[in-house]
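Enquirer: Here you go, one structure.
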Amino acid sequence: MSESQETVRPFQKVIGLMSGTSLDGVDAAWLETDGITVRSDGPSLTLPYDPALRRRLRALLDRAPTYLPGVGPDEDPDLQAIIHDLTMRHVMAVEAVTAQAGMKADLIGFHGQTVLHAPDQGLTWQIGDANLLARCTGVDVVADFRSADVKAGGQGAPLVPVYHAALAGHLALPVAFLNIGGVANVTWIGPSTAGRESLILAGDTGPGNALLDDWALRHTGTPCDVDGRLALAGRVSETHLARFLAHPFFAQPLPKSLDRQHFHTFLEQISDLSPEDGAATLTALTAESVAALSLPDSPRRWLICGGGRCNPAMMTALKRALSAEVVPVDQFGWNGDALEAQCFGFLAVRSRYGLPLSFPGTTGVPAPITGGTFFPAM
């Protein structure tokens with residue numbers, strides 16, 4: 001994929017915001033970009049959710065499907081309170097990054113918190129009040145990045161591949177970025193051939209940290225497997241792993257996408273395992289579901305981003321499962337904690353310039369399509 005540099009598009013100072021399916025908090029990152037190239041990045045941070053807000057969001061994931069069809073979410077005061085509190089957490093993140101940058105941004109890219117993703121039903125739902133965010137920060141906001149793709153027949157996810165491609169211009173191809181958040185997703189970038197532009201193929205691979213996080217919370221009271229200690233102390237149940245990998249999703253070709261709760265019943269299926277063996281099995285599931293992908297060519301290198309790269313058990317499982325070098329993106333000078341937030345800043349600028357956010361090879365949308373909704377600061 002390449003895009004013409006002939007059109008002069010001013011570079012914009014943008015703050016990208018991402019609150020992923022791990023439900024751990026808000027990532028915020030500063031970027032200067034014209035939506036095609038990145039001139040510079042800047043400060044970034046993670047502002048954790050307080051435990052009460054995290055519990056409210058986790059409970060919302062379970063009841064979100066009941067809103068559609070049925071009573072509209074606007075009629076639920078508890079939901080409106082969650083949206084307000086979530087948005088104000090994002091306001092705080094913007095203010096903190098702005099203070100670190102020492103200047104005001106031109107634009108904010110606001111992903112919001114996904115609470116339901118069912119593209120086969122034409123549904124994707126990210127909560128957050130973009131008008132409130134724009135009003136409180138005094139900065140224009142682009143939000144609602146996924147719905148246009150879903151309405152056009154795409155999966156609505158992943159959206160980060162176009163940013164990965166912008167970063168990967170100097171790398172030997174093919175290469176794969178693997179983001180391990182609540183759900184894991186891959187971007188495979190291959191070289192141009194016979195006059196064709198570089199090929200990008202992407203999609204969700206399967207569970208990332210979500211099942212492991214929920215398992216750890218259930219058995220330890222801690223909302224993640226800290227340093228992979230549970231998994232490293234356990235043994236993989238090959239019987240359970242084989243049963244999980246037989247799920248039809250893993251045989252589907254890319255592009256494809258998941259809701260965080262898609263495999264939640266797997267937790268009940270391993271209830272007979274010890275906490276340690278369950279964690280080891282779920283960690284292996286993340287790695288083996290990546291290895292099960294059918295790609296046009298084997299990547300020379302797997303670049304790992306997202307919280308999963310900080311889990312030694314996860315990184316060991318990936319190195320065992322994948323037949324190529326597996327390294328965290330930080331080894332290339334990128335901030336693996338900020339990459340997704342940077343992406344939504346990048347996408348916000350692309351949205352303002354009418355550039356496509358998704359492609360047939362990334363979401364399955366019939367043709368490249370832009371997206372996002374603009375919310376001006378008042």
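So you can find residues: chains in the structure tokens are A, B, ... in the order shown, residues in each start at 1, and ligands are numbered from 1 in order.
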I need the residues of stretch 1-175 of chain A that end up classed as strand (DSSP E) by DSSP on the backbone, written out as number ranges by chain.
Expert: A: 12-19, 25-33, 38-48, 107-118, 123-127, 140-143, 175
Enquirer: Okay, now the selection with N, CA and C atoms, as a compact mmCIF listing (two decimals), in the first residue's frame?
Expert:
# COMPACT_ATOMS: atom_id res chain seq x y z
N GLN A 12 -0.37 17.73 11.47
CA GLN A 12 -1.16 18.14 12.62
C GLN A 12 -0.60 17.55 13.90
N LYS A 13 -0.71 18.32 14.96
CA LYS A 13 -0.36 17.83 16.29
C LYS A 13 -1.62 17.17 16.86
N VAL A 14 -1.52 15.90 17.16
CA VAL A 14 -2.71 15.14 17.52
C VAL A 14 -2.42 14.27 18.75
N ILE A 15 -3.44 14.11 19.58
CA ILE A 15 -3.38 13.18 20.71
C ILE A 15 -4.29 12.01 20.40
N GLY A 16 -3.74 10.82 20.40
CA GLY A 16 -4.53 9.61 20.20
C GLY A 16 -4.87 8.98 21.54
N LEU A 17 -6.08 8.47 21.65
CA LEU A 17 -6.57 7.85 22.88
C LEU A 17 -7.07 6.45 22.59
N MET A 18 -6.65 5.50 23.40
CA MET A 18 -7.10 4.13 23.23
C MET A 18 -7.39 3.51 24.58
N SER A 19 -8.56 2.93 24.73
CA SER A 19 -8.90 2.16 25.92
C SER A 19 -9.34 0.78 25.42
N GLY A 25 -7.17 0.70 31.38
CA GLY A 25 -7.10 2.15 31.50
C GLY A 25 -7.04 2.82 30.15
N VAL A 26 -6.66 4.10 30.16
CA VAL A 26 -6.59 4.91 28.95
C VAL A 26 -5.13 5.11 28.56
N ASP A 27 -4.79 4.74 27.34
CA ASP A 27 -3.49 5.08 26.77
C ASP A 27 -3.65 6.37 25.97
N ALA A 28 -2.74 7.29 26.16
CA ALA A 28 -2.76 8.57 25.44
C ALA A 28 -1.38 8.84 24.89
N ALA A 29 -1.32 9.32 23.64
CA ALA A 29 -0.02 9.53 23.01
C ALA A 29 -0.07 10.71 22.06
N TRP A 30 1.03 11.43 21.99
CA TRP A 30 1.20 12.62 21.16
C TRP A 30 1.87 12.22 19.85
N LEU A 31 1.40 12.81 18.74
CA LEU A 31 1.94 12.47 17.43
C LEU A 31 1.84 13.70 16.53
N GLU A 32 2.80 13.85 15.63
CA GLU A 32 2.71 14.84 14.56
C GLU A 32 2.73 14.10 13.24
N THR A 33 1.66 14.25 12.45
CA THR A 33 1.50 13.46 11.24
C THR A 33 0.62 14.18 10.23
N VAL A 38 4.76 9.86 9.66
CA VAL A 38 4.85 10.35 11.03
C VAL A 38 6.12 11.18 11.14
N ARG A 39 5.95 12.47 11.42
CA ARG A 39 7.12 13.33 11.51
C ARG A 39 7.81 13.17 12.86
N SER A 40 7.03 13.04 13.90
CA SER A 40 7.60 12.84 15.24
C SER A 40 6.52 12.34 16.17
N ASP A 41 6.95 11.67 17.23
CA ASP A 41 6.02 11.36 18.31
C ASP A 41 6.46 12.14 19.53
N GLY A 42 5.74 11.95 20.62
CA GLY A 42 6.03 12.75 21.80
C GLY A 42 5.64 12.01 23.05
N PRO A 43 5.23 12.72 24.08
CA PRO A 43 4.92 12.06 25.34
C PRO A 43 3.74 11.11 25.22
N SER A 44 3.75 10.13 26.09
CA SER A 44 2.63 9.18 26.15
C SER A 44 2.50 8.73 27.59
N LEU A 45 1.33 8.21 27.90
CA LEU A 45 1.09 7.73 29.26
C LEU A 45 -0.07 6.77 29.28
N THR A 46 -0.18 6.04 30.36
CA THR A 46 -1.34 5.21 30.64
C THR A 46 -1.96 5.70 31.94
N LEU A 47 -3.24 6.00 31.88
CA LEU A 47 -3.97 6.43 33.06
C LEU A 47 -4.91 5.29 33.45
N PRO A 48 -4.56 4.52 34.48
CA PRO A 48 -5.35 3.33 34.81
C PRO A 48 -6.77 3.69 35.23
N LEU A 107 -5.93 18.28 17.34
CA LEU A 107 -6.97 17.28 17.12
C LEU A 107 -6.78 16.15 18.13
N ILE A 108 -7.88 15.48 18.47
CA ILE A 108 -7.86 14.29 19.31
C ILE A 108 -8.50 13.14 18.55
N GLY A 109 -7.87 11.99 18.59
CA GLY A 109 -8.47 10.76 18.08
C GLY A 109 -8.96 9.93 19.25
N PHE A 110 -10.27 9.76 19.36
CA PHE A 110 -10.92 9.17 20.55
C PHE A 110 -11.57 7.85 20.15
N HIS A 111 -10.92 6.74 20.52
CA HIS A 111 -11.49 5.44 20.17
C HIS A 111 -12.70 5.09 20.99
N GLY A 112 -12.68 5.42 22.29
CA GLY A 112 -13.74 4.99 23.19
C GLY A 112 -13.51 3.56 23.65
N GLN A 113 -14.42 3.07 24.49
CA GLN A 113 -14.30 1.73 25.05
C GLN A 113 -15.27 0.78 24.35
N THR A 114 -14.73 -0.22 23.68
CA THR A 114 -15.60 -1.20 23.02
C THR A 114 -16.31 -2.04 24.07
N VAL A 115 -17.64 -2.10 23.97
CA VAL A 115 -18.42 -2.94 24.86
C VAL A 115 -19.18 -4.02 24.09
N LEU A 116 -19.23 -3.89 22.78
CA LEU A 116 -19.88 -4.92 21.96
C LEU A 116 -19.33 -4.83 20.54
N HIS A 117 -18.92 -5.96 20.01
CA HIS A 117 -18.43 -6.00 18.64
C HIS A 117 -18.99 -7.25 17.97
N ALA A 118 -19.99 -7.07 17.12
CA ALA A 118 -20.65 -8.18 16.42
C ALA A 118 -20.87 -7.77 14.97
N LEU A 123 -23.07 -4.75 13.94
CA LEU A 123 -23.00 -4.00 15.19
C LEU A 123 -21.56 -3.83 15.64
N THR A 124 -21.21 -2.64 16.04
CA THR A 124 -20.00 -2.38 16.81
C THR A 124 -20.29 -1.17 17.68
N TRP A 125 -19.93 -1.25 18.95
CA TRP A 125 -20.35 -0.22 19.89
C TRP A 125 -19.19 0.16 20.80
N GLN A 126 -18.75 1.40 20.65
CA GLN A 126 -17.73 1.97 21.53
C GLN A 126 -18.37 3.10 22.32
N ILE A 127 -18.27 3.04 23.64
CA ILE A 127 -18.89 4.08 24.45
C ILE A 127 -17.89 5.21 24.73
N ASP A 140 -10.80 19.87 18.91
CA ASP A 140 -11.65 19.08 18.02
C ASP A 140 -11.35 17.59 18.19
N VAL A 141 -12.38 16.77 18.04
CA VAL A 141 -12.28 15.33 18.27
C VAL A 141 -12.80 14.57 17.05
N VAL A 142 -12.11 13.49 16.70
CA VAL A 142 -12.64 12.50 15.77
C VAL A 142 -12.88 11.22 16.55
N ALA A 143 -14.07 10.66 16.43
CA ALA A 143 -14.43 9.42 17.15
C ALA A 143 -15.24 8.53 16.20
N VAL A 175 6.91 -8.93 7.09
CA VAL A 175 7.01 -8.76 8.53
C VAL A 175 5.60 -8.79 9.11
Enquirer: Running DSSP on the backbone, which parts of stretch 29-227 of chain A land in helix (DSSP H, G or I), as a ChimeraX atom specification?
Expert: /A:51-67,73-75,77-101,119-121,130-137,147-151,161-170,210-220,226-227
Enquirer: For a test of reading the model, state the distance in Å between atom CA of A:Leu295 and atom CA of A:Leu201, rounded to one decimal.
Expert: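 Value for the atom CA of A:Leu295-atom CA of A:Leu201 distance: 8.2 Å.
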Enquirer: Check the smallest atom-to-atom distance from each of A:His164, A:Ile270, A:Leu318, A:Gly308 to A:Arg243 using only C-alpha atoms, then report the winner.
Expert: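 Closest to A:Arg243, using only C-alpha atoms: A:Ile270.
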Enquirer: Restricting the calculation to only C-alpha atoms, which member of A:Asp34, A:Asp144, A:Asp24, A:Asp214 is positioned closest to A:Leu86?
Expert: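 Closest residue, counting only C-alpha atoms: A:Asp24.
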Enquirer: Have a look at A:Thr66, A:Pro77, A:Trp215, A:Arg89 and name the one nearest to A:Tyr49; count only C-alpha atoms.
Expert: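 The answer is A:Arg89, which sits nearest to A:Tyr49.
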Enquirer: Go ahead and compute the interatomic distance for atom CA of A:Ala172 and atom CA of A:Glu340, in Å to one decimal.
Expert: 22.1 Å
